[in-house]
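Next comes upload-v4.txt, with compact mmCIF, C-alpha atoms.
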# COMPACT_ATOMS: atom_id res chain seq x y z
CA MET B 6 0.00 0.00 0.00
CA ILE B 7 1.25 3.49 -0.87
CA LEU B 8 0.54 6.40 1.48
CA THR B 9 1.17 10.09 1.00
CA ALA B 10 2.90 12.01 3.79
CA GLU B 11 -0.46 13.42 4.92
CA GLN B 12 -2.06 9.95 4.99
CA TYR B 13 0.94 8.55 6.86
CA SER B 14 0.63 11.28 9.50
CA ARG B 15 -2.86 9.87 10.27
CA GLY B 16 -1.59 6.32 10.09
CA PHE B 17 -2.17 2.82 8.83
CA ILE B 18 -3.98 0.20 10.92
CA ASP B 19 -3.98 -3.58 10.50
CA PHE B 20 -4.57 -6.60 12.72
CA ASP B 21 -4.01 -10.33 13.18
CA ALA B 22 -7.07 -12.45 13.88
CA VAL B 23 -8.56 -15.91 13.45
CA LEU B 24 -11.90 -15.37 11.74
CA ALA B 25 -14.41 -18.20 11.46
CA LYS B 26 -17.02 -17.96 8.71
CA GLY B 27 -19.25 -14.93 9.27
CA CYS B 28 -17.09 -13.49 12.07
CA VAL B 29 -15.93 -9.89 11.83
CA VAL B 30 -13.42 -7.67 13.65
CA GLU B 31 -14.20 -3.95 13.55
CA LEU B 32 -11.71 -1.35 14.75
CA TRP B 33 -12.53 2.28 15.47
CA THR B 34 -10.08 5.12 16.09
CA ARG B 35 -10.22 8.63 17.46
CA THR B 36 -7.58 11.24 18.17
CA ALA B 37 -7.46 14.37 20.31
CA ASP B 38 -5.26 17.29 21.27
CA ARG B 39 -5.76 16.49 24.99
CA PRO B 40 -6.60 13.24 26.83
CA GLU B 41 -9.89 14.62 28.19
CA ASP B 42 -11.24 15.76 24.78
CA ASP B 43 -14.36 13.89 23.66
CA THR B 44 -13.89 13.48 19.90
CA GLU B 45 -15.71 11.45 17.27
CA TRP B 46 -14.86 7.88 16.43
CA THR B 47 -13.92 7.02 12.83
CA GLY B 48 -14.20 3.63 11.19
CA PRO B 49 -14.88 0.81 11.11
CA TYR B 50 -11.67 -0.80 9.86
CA SER B 51 -12.34 -4.46 9.18
CA THR B 52 -9.57 -5.44 6.75
CA PRO B 53 -6.80 -7.51 8.40
CA GLU B 54 -4.32 -6.51 5.66
CA GLY B 55 -4.65 -2.89 6.69
CA THR B 56 -6.48 0.38 6.06
CA ILE B 57 -5.58 4.05 6.08
CA VAL B 58 -6.72 5.68 9.34
CA LEU B 59 -9.41 8.35 8.97
CA SER B 60 -8.88 10.14 12.30
CA PRO B 61 -6.95 13.45 12.07
CA PRO B 62 -3.26 13.44 13.07
CA LYS B 63 -3.40 14.56 16.70
CA PRO B 64 -1.06 13.58 19.57
CA TYR B 65 -3.50 11.48 21.64
CA MET B 66 -4.95 8.31 20.10
CA GLN B 67 -7.59 5.84 21.24
CA LEU B 68 -8.66 2.48 19.85
CA ARG B 69 -12.04 0.71 20.09
CA VAL B 70 -12.46 -2.96 19.19
CA GLU B 71 -15.71 -4.74 18.31
CA LEU B 72 -15.81 -8.52 17.82
CA LYS B 73 -18.89 -9.85 16.07
CA ARG B 74 -20.06 -13.46 15.72
CA GLY B 75 -21.62 -14.90 12.59
CA SER B 76 -24.74 -17.07 12.38
CA ASP B 77 -23.06 -19.85 14.37
CA PRO B 78 -23.04 -18.77 18.07
CA THR B 79 -20.26 -21.27 18.87
CA LYS B 80 -17.84 -19.50 16.55
CA THR B 81 -16.21 -16.29 17.71
CA PRO B 82 -13.45 -14.14 16.23
CA ILE B 83 -10.07 -14.35 17.98
CA LEU B 84 -8.10 -11.10 17.85
CA THR B 85 -4.40 -11.45 18.66
CA LYS B 86 -2.83 -8.13 17.69
CA VAL B 87 -3.58 -4.65 16.37
CA ARG B 88 -0.94 -2.37 14.82
CA TRP B 89 -1.41 1.36 14.33
CA GLU B 90 1.53 2.91 12.53
CA ARG B 91 2.06 6.62 11.93
CA ASP B 92 4.98 9.03 11.48
CA GLY B 93 7.58 6.28 11.54
CA LYS B 94 6.30 4.74 14.78
CA ALA B 95 4.07 1.77 15.51
CA PHE B 96 1.62 1.36 18.39
CA ILE B 97 0.80 -2.28 19.13
CA TRP B 98 -2.15 -3.56 21.13
CA PRO B 99 -1.54 -7.24 21.97
CA GLY B 100 -5.19 -8.33 21.83
CA PRO B 101 -7.65 -8.86 24.72
CA VAL B 102 -5.29 -11.29 26.47
CA GLY B 103 -2.68 -9.49 28.52
CA PHE B 104 -4.02 -6.01 27.85
CA ASN B 105 -2.78 -3.72 30.60
CA GLY B 106 -3.24 -0.21 29.29
CA PRO B 107 -3.01 1.91 26.16
CA PRO B 108 -0.87 0.79 23.19
CA GLY B 109 2.83 1.32 23.82
CA PRO B 110 4.98 3.29 21.35
CA LEU B 111 7.68 1.54 19.31
CA SER B 112 10.16 4.01 17.88
CA LEU B 113 11.32 1.73 15.05
CA GLY B 114 9.60 -1.60 14.69
CA ARG B 115 6.30 -2.31 12.94
CA ASP B 116 5.76 -5.43 15.01
CA TYR B 117 7.13 -7.59 17.79
CA GLY B 118 10.43 -9.22 16.81
CA VAL B 119 13.72 -7.94 15.44
CA SER B 120 13.74 -4.98 13.08
CA TYR B 121 16.63 -3.75 10.97
CA ARG B 122 16.54 -0.23 9.60
CA LEU B 123 18.74 1.36 6.95
CA ALA B 124 18.59 5.01 5.90
CA PHE B 125 20.54 6.50 3.00
CA GLN B 126 20.55 9.46 0.64
CA PRO B 127 20.28 8.55 -3.06
CA LYS B 128 23.12 9.37 -5.45
CA ARG B 129 21.01 11.08 -8.09
CA ALA B 130 17.33 10.76 -7.18
CA GLY B 131 14.70 12.89 -5.49
CA TRP B 132 10.95 13.37 -5.10
CA ALA B 133 8.69 16.38 -4.92
CA GLU B 134 6.55 15.02 -2.08
CA PRO B 135 7.39 12.32 0.50
CA PHE B 136 5.47 9.03 0.53
CA VAL B 137 5.55 5.58 2.18
CA VAL B 138 5.28 2.04 0.83
CA ILE B 139 4.00 -0.48 3.40
CA GLY B 140 4.31 -4.23 2.82
CA HIS B 141 3.68 -7.25 5.03
CA ARG B 142 7.10 -7.07 6.69
CA ALA B 143 8.80 -4.10 5.06
CA ARG B 144 8.30 -0.36 5.21
CA ILE B 145 9.98 2.01 2.76
CA ARG B 146 9.85 5.73 3.41
CA PHE B 147 10.79 8.14 0.61
CA TRP B 148 11.15 11.10 2.96
CA LYS B 149 12.47 14.61 3.24
CA SER B 150 14.57 15.07 6.39
CA GLY B 151 13.13 14.35 9.83
CA ILE B 152 14.45 10.76 10.05
CA LYS B 153 16.67 10.34 13.11
CA GLY B 154 19.29 7.69 13.86
CA TYR B 155 22.77 7.15 15.23
CA ASN B 156 25.87 8.09 13.26
CA ILE B 157 28.83 5.81 13.97
CA SER B 158 32.40 6.88 13.35
CA GLY B 159 35.88 5.80 14.38
CA PHE B 160 35.18 2.18 15.41
CA ARG B 161 37.62 0.38 13.15
CA ASP B 162 40.32 -1.33 15.19
CA ALA B 163 40.87 -2.50 18.78
CA GLU B 164 44.32 -1.81 20.20
CA PRO B 165 45.83 -3.89 23.02
CA THR B 166 46.77 -2.06 26.21
CA PRO B 167 49.80 -2.85 28.43
CA GLU B 168 47.36 -4.45 30.89
CA GLY B 169 46.25 -6.97 28.26
CA ASN B 170 42.88 -5.38 27.56
CA PHE B 171 41.69 -3.79 24.35
CA SER B 172 40.74 -0.18 23.84
CA VAL B 173 38.64 1.21 21.01
CA GLY B 174 38.08 4.79 20.00
CA GLY B 175 35.02 6.10 18.27
CA ASN B 176 31.89 8.14 18.52
CA ILE B 177 28.14 7.50 18.39
CA GLU B 178 25.82 10.48 18.09
CA GLU B 179 22.16 10.96 17.25
CA VAL B 180 21.72 12.73 13.92
CA GLU B 181 18.82 13.82 11.73
CA ALA B 182 19.05 13.15 8.01
CA ASP B 183 18.81 16.13 5.65
CA GLY B 184 17.34 16.28 2.19
CA ASP B 185 15.75 13.35 0.34
CA VAL B 186 16.18 10.18 2.37
CA VAL B 187 15.22 6.55 1.78
CA GLU B 188 14.47 4.54 4.91
CA VAL B 189 13.98 0.77 4.65
CA LEU B 190 12.82 -1.20 7.69
CA VAL B 191 12.01 -4.91 7.95
CA THR B 192 10.71 -6.75 11.02
CA VAL B 193 11.17 -10.52 11.45
CA SER B 194 9.99 -12.68 14.34
CA GLY B 195 11.73 -15.75 15.74
CA ASN B 196 13.40 -17.25 18.80
CA ASN B 197 17.05 -17.30 17.67
CA GLU B 198 18.12 -13.68 18.01
CA GLU B 199 21.28 -13.91 15.90
CA GLN B 200 19.55 -15.70 13.02
CA VAL B 201 16.57 -13.35 13.12
CA LYS B 202 18.88 -10.32 13.10
CA GLU B 203 20.68 -11.63 10.03
CA ALA B 204 17.37 -12.47 8.34
CA ALA B 205 16.03 -8.95 8.92
CA LYS B 206 19.26 -7.39 7.62
CA THR B 207 19.24 -9.66 4.57
CA GLN B 208 15.65 -8.70 3.73
CA VAL B 209 16.48 -5.00 4.01
CA GLU B 210 19.43 -5.45 1.65
CA SER B 211 17.21 -7.41 -0.75
CA THR B 212 14.64 -4.60 -0.64
CA VAL B 213 17.34 -2.06 -1.50
CA GLY B 214 18.28 -4.27 -4.45
CA LEU B 215 14.63 -4.25 -5.55
CA LEU B 216 14.62 -0.44 -5.43
CA ALA B 217 17.73 -0.35 -7.62
CA LEU B 218 16.13 -2.77 -10.05
CA CYS B 219 12.94 -0.69 -10.25
CA PHE B 220 14.42 2.82 -10.39
CA GLY B 221 18.04 2.34 -11.44
CA GLU B 222 21.29 2.71 -9.51
CA GLN B 223 20.61 6.44 -9.03
CA ILE B 224 18.38 5.49 -6.09
CA LEU B 225 21.31 3.94 -4.18
CA GLY B 226 23.50 5.87 -1.76
CA LYS B 227 25.88 5.69 1.15
CA PRO B 228 24.16 4.68 4.42
CA ILE B 229 23.57 7.49 6.89
CA PHE B 230 22.81 5.09 9.70
CA ALA B 231 21.69 1.51 10.25
CA ASP B 232 20.35 -0.05 13.45
CA TYR B 233 18.52 -2.99 14.99
CA TYR B 234 15.43 -2.80 17.14
CA PHE B 235 14.12 -5.52 19.49
CA SER B 236 10.59 -5.44 20.83
CA ASP B 237 8.02 -7.67 22.52
CA ALA B 238 4.90 -7.24 24.62
CA LYS B 239 7.03 -6.40 27.67
CA GLY B 240 9.01 -3.58 26.14
CA GLU B 241 11.33 -2.43 23.40
CA GLN B 242 15.03 -1.78 22.98
CA GLY B 243 17.14 -0.36 20.19
CA GLN B 244 20.69 -1.49 19.55
CA ILE B 245 23.55 -0.54 17.32
CA HIS B 246 26.12 -3.28 16.76
CA VAL B 247 29.54 -2.07 15.68
CA PRO B 248 31.91 -4.85 14.55
CA VAL B 249 35.52 -4.06 15.43
CA LYS B 250 38.51 -6.15 14.39
CA HIS B 251 41.92 -6.20 15.97
CA LEU B 252 44.45 -6.32 13.16
CA PRO B 253 48.00 -6.55 14.55
CA GLU B 254 50.39 -4.03 13.06
CA LEU B 255 52.18 -5.53 10.05
CA SER B 256 55.70 -4.46 9.16
CA VAL B 257 56.28 -5.12 5.46
CA GLY B 258 59.97 -5.45 4.59
CA MET B 259 62.16 -6.81 1.81
CA ASN B 260 61.81 -10.29 3.30
CA PHE B 261 58.28 -10.42 1.82
CA VAL B 262 59.36 -9.47 -1.69
CA PRO B 263 60.58 -12.94 -2.78
CA PHE B 264 57.20 -14.43 -1.90
CA VAL B 265 55.33 -11.84 -3.93
CA ASP B 266 57.77 -12.13 -6.84
CA GLU B 267 57.49 -15.94 -6.93
CA ALA B 268 53.71 -15.78 -6.70
CA LEU B 269 53.50 -13.38 -9.66
CA VAL B 270 55.66 -15.69 -11.77
CA ARG B 271 53.56 -18.72 -10.82
CA LEU B 272 50.39 -16.81 -11.63
CA ASP B 273 51.65 -15.87 -15.09
CA GLU B 274 52.77 -19.42 -15.87
CA SER B 275 49.80 -21.28 -14.39
CA PRO B 276 47.60 -23.16 -16.88
CA ILE B 277 44.61 -21.89 -14.90
CA GLY B 278 46.03 -18.41 -14.28
CA ALA B 279 42.81 -16.70 -15.32
CA SER B 280 40.81 -18.78 -12.82
CA VAL B 281 43.34 -18.07 -10.06
CA GLY B 282 43.16 -14.35 -10.82
CA MET B 283 39.36 -14.46 -10.61
CA ALA B 284 39.53 -16.36 -7.32
CA LEU B 285 41.92 -13.74 -5.91
CA ARG B 286 39.48 -10.98 -6.84
CA TRP B 287 36.65 -12.77 -5.00
CA TYR B 288 38.97 -13.39 -2.03
CA VAL B 289 39.49 -9.62 -1.67
CA ALA B 290 35.74 -9.04 -2.05
CA GLY B 291 35.13 -11.44 0.84
CA LEU B 292 37.72 -9.77 3.06
CA ASN B 293 36.22 -6.33 2.44
CA SER B 294 32.62 -7.43 2.96
CA GLU B 295 30.74 -6.40 6.10
CA SER B 296 28.01 -8.99 5.53
CA PRO B 297 28.61 -12.65 6.54
CA ILE B 298 26.46 -13.90 3.66
CA ASP B 299 28.24 -11.70 1.10
CA ALA B 300 31.64 -12.81 2.43
CA PHE B 301 30.66 -16.49 2.26
CA ILE B 302 29.36 -16.16 -1.32
CA ALA B 303 32.55 -14.36 -2.36
CA TYR B 304 34.82 -17.06 -0.90
CA PHE B 305 32.68 -19.82 -2.39
CA VAL B 306 32.71 -18.27 -5.87
CA GLY B 307 36.50 -18.19 -5.59
CA LEU B 308 36.52 -21.92 -4.79
CA GLU B 309 34.17 -22.58 -7.70
CA ALA B 310 36.38 -20.61 -10.10
CA LEU B 311 39.43 -22.68 -9.12
CA SER B 312 37.60 -26.04 -9.30
CA VAL B 313 35.99 -25.39 -12.68
CA GLY B 314 39.17 -23.89 -14.14
CA TYR B 315 41.20 -26.94 -13.14
CA PHE B 316 38.58 -29.41 -14.32
CA VAL B 317 38.25 -27.85 -17.78
CA GLY B 318 41.97 -28.32 -18.35
CA ILE B 319 42.10 -32.06 -17.53
CA HIS B 320 43.19 -34.24 -20.50
CA PRO B 321 41.83 -36.63 -21.40
CA LYS B 322 38.49 -35.20 -20.36
CA PRO B 323 36.91 -37.30 -17.58
CA ILE B 324 33.80 -39.24 -18.54
CA ARG B 325 31.08 -39.99 -16.04
CA LYS B 326 30.06 -43.62 -15.71
CA GLU B 327 26.40 -42.70 -16.14
CA TYR B 328 27.19 -40.89 -19.41
CA ALA B 329 29.08 -43.84 -20.83
CA GLN B 330 26.27 -46.24 -19.87
CA LEU B 331 23.52 -44.12 -21.44
CA GLU B 332 25.53 -43.46 -24.61
CA LYS B 333 26.11 -47.20 -24.96
CA TYR B 334 22.37 -47.81 -24.48
CA PHE B 335 21.42 -45.28 -27.15
CA GLY B 336 23.87 -46.92 -29.58
CA ARG B 337 22.63 -50.45 -28.89
CA ALA B 338 18.86 -49.91 -28.53
CA GLN B 339 18.55 -47.02 -31.00
CA PRO B 340 15.34 -45.72 -29.37
CA THR B 341 13.11 -43.32 -31.26
CA VAL B 342 14.19 -40.24 -29.29
CA ASP B 343 14.45 -36.77 -30.75
CA LYS B 344 18.14 -36.04 -31.45
CA ARG B 345 17.97 -32.63 -29.73
CA LEU B 346 16.44 -34.18 -26.60
CA LYS B 347 19.04 -36.96 -26.69
CA ASP B 348 21.89 -34.41 -26.89
CA ILE B 349 20.44 -32.40 -23.99
CA VAL B 350 20.25 -35.50 -21.77
CA LEU B 351 23.78 -36.58 -22.65
CA ASP B 352 25.18 -33.08 -22.11
CA ARG B 353 23.59 -32.95 -18.66
CA LEU B 354 25.14 -36.29 -17.73
CA ALA B 355 28.49 -35.33 -19.23
CA ASP B 356 28.96 -32.46 -16.78
CA PHE B 357 30.27 -33.37 -13.31
CA PRO B 358 28.68 -31.90 -10.14
CA LEU B 359 30.69 -29.12 -8.51
CA SER B 360 31.53 -31.25 -5.46
CA MET B 361 33.10 -33.90 -7.73
CA LYS B 362 35.06 -31.21 -9.59
CA PHE B 363 36.33 -29.83 -6.29
CA GLU B 364 37.34 -33.29 -5.05
CA ARG B 365 39.28 -33.95 -8.28
CA TYR B 366 40.95 -30.55 -8.02
CA TRP B 367 41.86 -30.97 -4.36
CA ARG B 368 43.36 -34.43 -4.91
CA GLY B 369 45.25 -33.14 -7.93
CA LYS B 370 46.89 -30.52 -5.72
CA PHE B 371 47.29 -32.24 -2.36
CA ASN B 372 46.64 -36.01 -2.75
CA TYR B 373 45.05 -36.02 0.72
CA GLU B 374 41.97 -34.79 2.54
CA THR B 375 41.67 -32.30 5.37
CA ARG B 376 38.83 -31.33 7.65
CA GLU B 377 38.10 -28.29 5.49
CA SER B 378 38.12 -30.21 2.20
CA LYS B 379 35.69 -32.79 3.58
CA GLU B 380 33.32 -29.95 4.44
CA PHE B 381 33.11 -28.63 0.89
CA PRO B 382 29.94 -30.64 0.00
CA GLY B 383 28.26 -29.09 3.04
CA LEU B 384 29.40 -25.61 1.95
CA ASN B 385 28.01 -26.33 -1.50
CA ARG B 386 24.63 -27.28 -0.06
CA LEU B 387 24.69 -24.14 2.06
CA ARG B 388 25.34 -22.02 -1.04
CA ASN B 389 22.45 -23.70 -2.86
CA ASN B 390 20.11 -23.18 0.10
CA LEU B 391 21.05 -19.49 0.23
CA PHE B 392 20.40 -19.10 -3.49
CA HIS B 393 17.07 -20.96 -3.29
CA GLY B 394 15.96 -18.92 -0.28
CA SER B 395 15.39 -21.91 2.01
CA ILE B 396 17.79 -20.38 4.58
CA ARG B 397 18.66 -16.75 5.25
CA THR B 398 21.50 -16.93 7.77
CA ILE B 399 24.92 -18.53 8.14
CA THR B 400 27.40 -18.87 11.00
CA SER B 401 30.83 -17.28 11.32
CA GLN B 402 32.33 -20.79 11.41
CA GLN B 403 30.91 -21.55 7.96
CA VAL B 404 32.36 -18.31 6.62
CA ASP B 405 35.76 -19.11 8.17
CA THR B 406 35.74 -22.63 6.68
CA ALA B 407 35.16 -21.30 3.16
CA LYS B 408 37.80 -18.60 3.67
CA THR B 409 40.42 -21.03 5.01
CA LEU B 410 39.80 -23.47 2.18
CA LEU B 411 40.20 -20.75 -0.45
CA GLU B 412 43.38 -19.47 1.20
CA LYS B 413 44.96 -22.95 1.19
CA LEU B 414 44.23 -23.47 -2.50
CA LEU B 415 45.38 -20.00 -3.55
CA ALA B 416 48.55 -20.45 -1.54
CA LYS B 417 49.19 -23.76 -3.32
CA GLU B 418 48.62 -22.18 -6.73
CA CYS B 419 50.94 -19.28 -5.92
CA GLY B 420 53.63 -21.39 -4.23
CA ILE B 421 53.41 -19.61 -0.85
CA GLU B 422 51.97 -22.45 1.26
CA LYS B 423 54.45 -22.03 4.13
CA LEU B 424 53.79 -18.32 4.41
CA VAL B 425 50.00 -18.69 4.43
CA ASN B 426 49.98 -21.76 6.69
CA ARG B 427 52.15 -19.94 9.21
CA ARG B 428 49.83 -16.95 9.14
CA GLN B 429 46.75 -19.14 9.56
CA ALA B 430 48.33 -20.91 12.53
CA GLY B 431 48.96 -17.61 14.30
CA PRO B 432 46.59 -15.68 16.57
CA LYS B 433 43.12 -15.32 15.14
CA LEU B 434 41.57 -11.91 14.53
CA LEU B 435 39.66 -10.73 17.54
CA GLU B 436 36.21 -9.34 16.85
CA PHE B 437 34.25 -7.16 19.17
CA ALA B 438 30.64 -6.11 19.12
CA LEU B 439 29.88 -2.78 20.70
CA THR B 440 26.26 -2.49 21.68
CA TYR B 441 24.61 0.86 22.14
CA ALA B 442 21.17 0.63 23.78
CA THR B 443 18.68 3.40 23.36
CA MET B 444 18.20 4.55 26.90
CA PRO B 445 18.26 7.87 28.75
CA SER B 446 21.45 9.77 27.93
CA ASN B 447 22.64 9.80 31.53
CA LYS B 448 22.58 5.97 31.56
CA ARG B 449 24.18 5.34 28.19
CA PRO B 450 27.54 3.58 28.23
CA GLN B 451 30.25 5.92 27.04
CA PRO B 452 32.32 4.56 24.13
Whole structure, structure tokens version:
Amino acid sequence: MILTAEQYSRGFIDFDAVLAKGCVVELWTRTADRPEDDTEWTGPYSTPEGTIVLSPPKPYMQLRVELKRGSDPTKTPILTKVRWERDGKAFIWPGPVGFNGPPGPLSLGRDYGVSYRLAFQPKRAGWAEPFVVIGHRARIRFWKSGIKGYNISGFRDAEPTPEGNFSVGGNIEEVEADGDVVEVLVTVSGNNEEQVKEAAKTQVESTVGLLALCFGEQILGKPIFADYYFSDAKGEQGQIHVPVKHLPELSVGMNFVPFVDEALVRLDESPIGASVGMALRWYVAGLNSESPIDAFIAYFVGLEALSVGYFVGIHPKPIRKEYAQLEKYFGRAQPTVDKRLKDIVLDRLADFPLSMKFERYWRGKFNYETRESKEFPGLNRLRNNLFHGSIRTITSQQVDTAKTLLEKLLAKECGIEKLVNRRQAGPKLLEFALTYATMPSNKRPQP
């Protein structure tokens, strides 16, 4: 549903209910300048998917609920939740059960669960009047200033102190966006907080991709702020998670030059040099990514580039047993099968699955298995599940497994196994998560 700025100031109301045949839920709203004002009710709103509120945009709001049976007196409507959203906030009434007062304000979320919000200014796009697009889980505001959030700066690296602790420097301040701003917010419910957070973030990023597809890349822009918001019937809390890595200082001297020089020569002379170069590009993309899913996909594409590049160059070309059996059958039985269909079937059987290509490549390079190489089929399934949408989150261990595997193979191709193995065996990068809770300023932890 699309709302103008004036319509959004009055709000959008929807509800969750179990409605037997003939049962109806009717909502009524009224607003006032003062709590004691006796104003008129507007409504009814009886569409679960949502309706634009008719009451004028005033500071005090009141909700009336009417549940009506159908012809069967044993069947009653069951109302579980009402949402009234306006001006970037949502007011949730958790149904007749557990009602203990007026709806409570939620400064970010549209619903109970985990919300992720991203606000950015487009590169080369604008609009004469602000408006809002409201979906089942997502809200997109094409706004003009007035959107507030927290600007994060300086949190990049954690430095060890003489006492063995780590210190970080940075700043978090509340800011208000200026000019034309796009705000995308998605709310996802679930019990596993980390997975739900990643799912909400992924859906926001997918929504931004949809905007780029619809309007062009001019709609994209650098994020002004991004934050999570957690809410349930007991209360709400906003959080900003700032990932910080500790990268030990690296002194690059002439002792590194022979490794680089040898690797460049090996890369030029490699029969799969183009595939290695592509894998190196995806390796850098993974290292620079701030999204676990994006990093995993980048590392996996690097592994795929190496496996396919190696497999294409094998002579004589491997033949699958199934292909040889079917080709022999076609020659002996000579069935009345369309030649084009026959060629399609044989071509499909001629190609090896990626896991088999990887196994052949790994054995061609190492002649032995490792824990990481045995996990490649599982990584392949994970990639497929991500692409098919059956899962939306991954773990840091899965990302590290793909990264380590790619590093080992690239090191082998470039002849720098000892250097990379020694680096991998050293201290791991330390990651920190700084959490900033939205609470009164005098109680906020100082970064």
>> Report, in Å with one decimal, the straight-line distance from atom CA of Gln244 of chain B to atom CA of Ala205 of chain B.
In response: 13.8 Å
>> Give me, as a ChimeraX atom specification, all polymer residues having an atom no more than 12 Å from Tyr366 of chain B, counting only C-alpha atoms and skipping those fewer than 3 positions away in the same chain.
In response: /B:277,308-319,359-363,369-374,378,414,417-418
>> What's the separation between atom CA of Lys94 of chain B and atom CA of Glu241 of chain B, in Å to one decimal place?
In response: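 Here the two named atoms are 12.3 Å from each other.
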>> Would you pick out the contacts of segment 130-134 of chain B at 7 Å or less, using all atoms listed in the file, so that residues sharing its chain but fewer than 6 positions from it are not included, and give the list as a list in words?
In response: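 The residues that qualify are Asp185, Gln223 and Ile224 of chain B.
Nearest residue to Gly214 of chain B, choosing from B:Gly169, B:Gly226, B:Gly118, B:Gly27 and counting all atoms listed in the file: B:Gly226.
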> Closest to Val173 of chain B among B:Gln242, B:His251, B:Arg129, B:Ile152, using only C-alpha atoms?
Replying inline: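 Checking each candidate against Val173 of chain B, we get B:His251 as the closest.
For the atom pair formed by atom CA of Pro82 of chain B and atom CA of Leu24 of chain B, the distance is 4.9 Å, given to one decimal.
Each of B:Asp21, B:Tyr65, B:Ala37, B:Leu113 was compared to Lys86 of chain B using only C-alpha atoms, and B:Asp21 turns out to be the nearest.
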> Using all atoms listed in the file, which of B:Ala290, B:Leu424, B:Val137, B:Ile396 sits nearest Ile302 of chain B?
Replying inline: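 Using all atoms listed in the file, Ile302 of chain B sits closest to B:Ala290.
Of the residues under consideration (B:Pro253, B:Lys26, B:Glu364, B:Arg271), B:Pro253 shows the shortest atom-to-atom contact distance to Arg428 of chain B when counting all atoms listed in the file.
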>> I need the residue nearest Arg74 of chain B from this list: B:Lys413, B:Gly243, B:Ala25, B:Asp92. Use all atoms listed in the file for the distance.
In response: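 When distances to Arg74 of chain B are compared using all atoms listed in the file, the smallest one comes from B:Ala25.
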>> Env of Gly174 of chain B: 10 Å cut, atoms = all atoms listed in the file, seq-sep filter 4 positions within chain, self excluded. Answer as a list of chain:residue names.
In response: B:Ser158, B:Gly159, B:Phe160, B:Arg161, B:Asp162, B:Ala163, B:Glu164, B:Pro452
> Can you tell me, as a VMD selection string, what residues are no more than 7 Å from Gly154 of chain B when counting all atoms listed in the file, ignoring any on the same chain fewer than 4 positions away?
Replying inline: chain B and resid 179 to 181 230
>> Neighbouring residues of Asn156 of chain B were defined as those with any atom within 12 Å, considering all atoms listed in the file; residues of the same chain fewer than 4 positions away were excluded. Please report them as JSON, numbers by chain.
In response: {"B": [123, 124, 125, 160, 175, 176, 177, 178, 179, 180, 181, 182, 228, 229, 230, 231, 232, 245, 246, 247, 441]}
Quick one: contact table of segment 172-288 of chain B to segment 138-145 of chain B, 8 Å max, nearest atom pair and distance in Å to one decimal per residue, counting only C-alpha atoms, chain and number order, as a Markdown table?
| residue | atom | partner | partner_atom | distance |
| --- | --- | --- | --- | --- |
| B:Val187 | CA | B:Ile145 | CA | 7.0 |
| B:Glu188 | CA | B:Ile145 | CA | 5.6 |
| B:Val189 | CA | B:Ile145 | CA | 4.6 |
| B:Leu190 | CA | B:Arg144 | CA | 5.2 |
| B:Val191 | CA | B:Ala143 | CA | 4.4 |
| B:Thr192 | CA | B:Arg142 | CA | 5.6 |
| B:Val193 | CA | B:Arg142 | CA | 7.2 |
| B:Val209 | CA | B:Ala143 | CA | 7.8 |
